[in-house]
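Read through the structure below, which is laid out as structure tokens, and then see the notes.
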Amino acid sequence: MVVIIVPSLKLRKKGDSDLRDYAEKRIAKVPLVFPATNPTVADLQKVSDDYHAAILKAVQGTPGDTAAKQALRKIISVMLTELARDCAYQSNGDVAKYLDTGFEMKVNGPGPVVTAVANLRLLIVNDSELEVRFDKVNGAKAYLIYLGEDPADADSFKLAGTSSDTSFTLENLTSGKKYYSRVRAIGTRKAMGPWSSVIGKICA
């Protein structure tokens, strides 16, 4: 059996300043353990800076300023969660290595294993959409679909969406441009399978 590391960040319990401080500490520690991550630490730093400015502006600001702060809070929470999951995956069961990032975990023990997504295809829908299709993975509860522009650059792949089905439509693409996709299955207890192969297609 494989040790499945499941992040448990409990971000909702953190106040605005505490959440921003938590993000900054992860920005400092994660690259020391995992130099390349998705999302990147640079992307997280930009959102963290914007969030800090929004916190200050909302103190005596308008309801719109508060809404803007809350929107950024949601974004940084999602990015931290995705970063923790990526670190858990890259740890490959090495609990000590994962904990060196400063992220917390919920499960430390044997867990279910999901295999890699197979038979990944990209189909043309129209001049601004491609459809990702792939075979079902036994034990998978959902799939993470990533979109990139350079198959050799892991940092170019960004989360496009999550699907419980074996297909997903990539929207708002540029006609004539080649895009690449890869998919990862999520099993019970949020155990993540390995990446699928990367496949590319020109959006006609």
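Residues are referred to by chain and number: the chain letter is A, B, ... according to the order shown in the structure tokens, the number counts from 1 in that chain, and ligands are numbered separately from 1 in the order shown.
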### Query
Which residues come within 7 Å of Thr162 (chain A), counting only C-alpha atoms, excluding same-chain residues fewer than 6 positions away, as a list in words?
Ala142, Tyr143, Leu144 and Ile145 of chain A
### Message
So that I can see what lies close to Leu170 (chain A), please list as a ChimeraX atom specification the residues with an atom at most 10 Å from it, counting only C-alpha atoms and leaving out residues fewer than 4 positions away in the same chain.
### Response
/A:122,124-125,128-132,145-147,160-161,179,181
Just write the chosen residues, all heavy atoms, as a short mmCIF file (atom, residue, chain, number, x, y, z; two decimals), in the first residue's frame.
```cif
data_model
loop_
_atom_site.label_atom_id
_atom_site.label_comp_id
_atom_site.auth_asym_id
_atom_site.auth_seq_id
_atom_site.Cartn_x
_atom_site.Cartn_y
_atom_site.Cartn_z
N LEU A 122 -8.14 15.26 -27.33
CA LEU A 122 -8.64 16.63 -27.47
C LEU A 122 -9.41 16.72 -28.78
O LEU A 122 -8.87 16.39 -29.84
CB LEU A 122 -7.47 17.63 -27.48
CG LEU A 122 -6.92 18.07 -26.12
CD1 LEU A 122 -5.70 18.96 -26.33
CD2 LEU A 122 -7.97 18.83 -25.32
N ILE A 124 -11.99 19.08 -31.37
CA ILE A 124 -12.40 20.44 -31.71
C ILE A 124 -13.92 20.58 -31.56
O ILE A 124 -14.68 19.78 -32.11
CB ILE A 124 -11.98 20.79 -33.14
CG1 ILE A 124 -10.46 20.78 -33.27
CG2 ILE A 124 -12.54 22.15 -33.55
CD1 ILE A 124 -9.96 20.95 -34.69
N VAL A 125 -14.35 21.59 -30.82
CA VAL A 125 -15.77 21.90 -30.69
C VAL A 125 -16.13 23.03 -31.65
O VAL A 125 -17.05 22.94 -32.44
CB VAL A 125 -16.12 22.30 -29.24
CG1 VAL A 125 -17.60 22.67 -29.12
CG2 VAL A 125 -15.78 21.16 -28.28
N SER A 128 -13.19 28.36 -30.69
CA SER A 128 -12.72 28.86 -29.39
C SER A 128 -12.86 27.81 -28.28
O SER A 128 -12.67 28.13 -27.11
CB SER A 128 -13.48 30.12 -28.99
OG SER A 128 -14.86 29.84 -28.80
N GLU A 129 -13.18 26.57 -28.65
CA GLU A 129 -13.38 25.54 -27.63
C GLU A 129 -12.79 24.20 -28.08
O GLU A 129 -12.88 23.83 -29.26
CB GLU A 129 -14.88 25.35 -27.34
CG GLU A 129 -15.55 26.55 -26.70
CD GLU A 129 -17.02 26.30 -26.40
OE1 GLU A 129 -17.58 25.29 -26.90
OE2 GLU A 129 -17.62 27.11 -25.68
N LEU A 130 -12.21 23.50 -27.13
CA LEU A 130 -11.76 22.13 -27.31
C LEU A 130 -12.39 21.28 -26.22
O LEU A 130 -12.63 21.76 -25.10
CB LEU A 130 -10.24 22.02 -27.21
CG LEU A 130 -9.40 22.69 -28.31
CD1 LEU A 130 -7.92 22.63 -27.93
CD2 LEU A 130 -9.63 22.03 -29.65
N GLU A 131 -12.66 20.03 -26.54
CA GLU A 131 -13.22 19.12 -25.53
C GLU A 131 -12.19 18.06 -25.16
O GLU A 131 -11.60 17.41 -26.03
CB GLU A 131 -14.49 18.44 -26.04
CG GLU A 131 -15.14 17.57 -24.97
CD GLU A 131 -16.45 16.94 -25.42
OE1 GLU A 131 -16.47 16.40 -26.55
OE2 GLU A 131 -17.42 16.97 -24.67
N VAL A 132 -11.96 17.93 -23.85
CA VAL A 132 -11.06 16.90 -23.33
C VAL A 132 -11.88 15.65 -23.04
O VAL A 132 -12.91 15.73 -22.36
CB VAL A 132 -10.36 17.37 -22.04
CG1 VAL A 132 -9.36 16.32 -21.56
CG2 VAL A 132 -9.67 18.70 -22.27
N ILE A 145 -8.54 18.87 -14.57
CA ILE A 145 -8.14 19.10 -15.97
C ILE A 145 -7.26 20.33 -16.04
O ILE A 145 -7.66 21.42 -15.60
CB ILE A 145 -9.37 19.27 -16.89
CG1 ILE A 145 -10.17 17.97 -16.95
CG2 ILE A 145 -8.93 19.66 -18.29
CD1 ILE A 145 -11.20 17.79 -15.90
N TYR A 146 -6.06 20.17 -16.57
CA TYR A 146 -5.10 21.27 -16.68
C TYR A 146 -4.87 21.62 -18.15
O TYR A 146 -4.86 20.75 -19.02
CB TYR A 146 -3.76 20.90 -16.04
CG TYR A 146 -3.77 21.03 -14.53
CD1 TYR A 146 -4.43 20.09 -13.74
CD2 TYR A 146 -3.15 22.09 -13.90
CE1 TYR A 146 -4.45 20.21 -12.36
CE2 TYR A 146 -3.16 22.21 -12.52
CZ TYR A 146 -3.81 21.27 -11.75
OH TYR A 146 -3.85 21.40 -10.38
N LEU A 147 -4.68 22.91 -18.40
CA LEU A 147 -4.45 23.42 -19.75
C LEU A 147 -3.11 24.15 -19.79
O LEU A 147 -2.80 24.93 -18.89
CB LEU A 147 -5.58 24.39 -20.14
CG LEU A 147 -5.49 25.06 -21.51
CD1 LEU A 147 -5.66 24.01 -22.61
CD2 LEU A 147 -6.56 26.15 -21.64
N ALA A 160 -7.76 24.16 -15.32
CA ALA A 160 -8.86 24.67 -16.14
C ALA A 160 -10.22 24.37 -15.50
O ALA A 160 -11.19 25.10 -15.72
CB ALA A 160 -8.81 24.07 -17.54
N GLY A 161 -10.27 23.28 -14.72
CA GLY A 161 -11.54 22.96 -14.07
C GLY A 161 -11.52 21.55 -13.50
O GLY A 161 -10.56 20.80 -13.66
N TYR A 179 -2.91 24.13 -28.07
CA TYR A 179 -3.01 23.99 -26.63
C TYR A 179 -2.70 22.55 -26.22
O TYR A 179 -2.85 21.61 -27.02
CB TYR A 179 -4.43 24.35 -26.15
CG TYR A 179 -4.77 25.81 -26.32
CD1 TYR A 179 -5.38 26.28 -27.48
CD2 TYR A 179 -4.49 26.73 -25.31
CE1 TYR A 179 -5.70 27.62 -27.63
CE2 TYR A 179 -4.80 28.08 -25.45
CZ TYR A 179 -5.41 28.51 -26.62
OH TYR A 179 -5.72 29.85 -26.76
N SER A 181 -3.06 19.59 -22.88
CA SER A 181 -3.83 19.27 -21.67
C SER A 181 -3.28 18.01 -21.02
O SER A 181 -2.68 17.15 -21.68
CB SER A 181 -5.31 19.06 -22.03
OG SER A 181 -6.07 18.82 -20.85
#
```
### Task
Mind the document's chain letters and residue numbers, and return as a ChimeraX atom specification the residues of chain A that DSSP labels helix (DSSP H, G or I).
/A:11-13,16-33,41-59,63-91,95-99,154-156,188-190
Within 9 Å of Thr115 (chain A), counting only C-alpha atoms, which residues qualify if same-chain residues fewer than 4 places away don't, as an mmCIF file with N, CA and C atoms, in the first residue's frame?
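Contents of the output file selection24.cif:
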```cif
data_model
loop_
_atom_site.group_PDB
_atom_site.id
_atom_site.type_symbol
_atom_site.label_atom_id
_atom_site.label_comp_id
_atom_site.auth_asym_id
_atom_site.auth_seq_id
_atom_site.Cartn_x
_atom_site.Cartn_y
_atom_site.Cartn_z
ATOM 1 N N VAL A 137 -11.417 6.123 -14.728
ATOM 2 C CA VAL A 137 -10.455 5.478 -13.825
ATOM 3 C C VAL A 137 -11.223 4.850 -12.664
ATOM 4 N N ASN A 138 -10.982 3.583 -12.426
ATOM 5 C CA ASN A 138 -11.660 2.899 -11.319
ATOM 6 C C ASN A 138 -11.326 3.555 -9.991
ATOM 7 N N GLY A 139 -12.357 3.854 -9.217
ATOM 8 C CA GLY A 139 -12.165 4.463 -7.907
ATOM 9 C C GLY A 139 -12.078 5.975 -7.932
ATOM 10 N N ALA A 140 -12.080 6.572 -9.120
ATOM 11 C CA ALA A 140 -11.984 8.031 -9.220
ATOM 12 C C ALA A 140 -13.318 8.683 -8.893
ATOM 13 N N ARG A 184 -5.577 14.520 -14.108
ATOM 14 C CA ARG A 184 -5.255 13.705 -12.931
ATOM 15 C C ARG A 184 -6.546 13.288 -12.247
ATOM 16 N N ALA A 185 -6.637 12.026 -11.851
ATOM 17 C CA ALA A 185 -7.821 11.525 -11.161
ATOM 18 C C ALA A 185 -7.693 11.728 -9.654
ATOM 19 N N MET A 192 -4.733 11.472 -4.894
ATOM 20 C CA MET A 192 -4.550 11.835 -6.298
ATOM 21 C C MET A 192 -3.706 10.811 -7.035
ATOM 22 N N GLY A 193 -4.125 10.511 -8.242
ATOM 23 C CA GLY A 193 -3.369 9.617 -9.088
ATOM 24 C C GLY A 193 -2.278 10.367 -9.823
ATOM 25 N N PRO A 194 -1.429 9.667 -10.547
ATOM 26 C CA PRO A 194 -0.367 10.324 -11.320
ATOM 27 C C PRO A 194 -0.940 11.065 -12.526
ATOM 28 N N TRP A 195 -0.130 11.914 -13.128
ATOM 29 C CA TRP A 195 -0.548 12.663 -14.300
ATOM 30 C C TRP A 195 -0.744 11.735 -15.488
#
```
### Query
Could you write out, as JSON, numbers by chain, all the residues of region 118-169 of chain A that DSSP marks as strand (DSSP E or B)?
{"A": [121, 122, 123, 124, 125, 126, 129, 130, 131, 132, 133, 142, 143, 144, 145, 146, 147, 148, 158, 159, 160, 161, 162, 163, 167, 168, 169]}
Requested write-out: C-alpha atoms of the selected residues, as a tab-separated table (two decimals), in the first residue's frame:
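Listed below is the output, result.tsv:
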```tsv
chain	number	residue	atom	x	y	z
A	121	ARG	CA	-8.04	13.03	-26.41
A	122	LEU	CA	-8.64	16.63	-27.47
A	123	LEU	CA	-11.51	17.24	-29.87
A	124	ILE	CA	-12.40	20.44	-31.71
A	125	VAL	CA	-15.77	21.90	-30.69
A	126	ASN	CA	-15.53	25.24	-32.49
A	129	GLU	CA	-13.38	25.54	-27.63
A	130	LEU	CA	-11.76	22.13	-27.31
A	131	GLU	CA	-13.22	19.12	-25.53
A	132	VAL	CA	-11.06	16.90	-23.33
A	133	ARG	CA	-12.09	13.24	-23.24
A	142	ALA	CA	-13.40	13.47	-9.89
A	143	TYR	CA	-10.78	14.64	-12.35
A	144	LEU	CA	-8.54	17.73	-12.44
A	145	ILE	CA	-8.14	19.10	-15.97
A	146	TYR	CA	-5.10	21.27	-16.68
A	147	LEU	CA	-4.45	23.42	-19.75
A	148	GLY	CA	-1.01	24.53	-20.95
A	158	LYS	CA	-2.94	25.82	-15.14
A	159	LEU	CA	-6.03	24.27	-13.61
A	160	ALA	CA	-8.86	24.67	-16.14
A	161	GLY	CA	-11.54	22.96	-14.07
A	162	THR	CA	-12.77	19.89	-12.20
A	163	SER	CA	-15.12	17.30	-13.63
A	167	SER	CA	-15.11	14.90	-20.53
A	168	PHE	CA	-14.58	18.63	-20.07
A	169	THR	CA	-14.90	21.63	-22.40
```
### Task
Go through A:Leu19, A:Ala36, A:Cys203, A:Val117 and flag the residue nearest Arg182 (chain A), using only C-alpha atoms for the distances.
A:Val117
#### Entry: Polymer residues at most 12 Å from region 57-69 of chain A, only C-alpha atoms, same-chain spacing of 6 or more positions, as a PyMOL selection string
chain A and resi 16-17+20+47-51+75-76
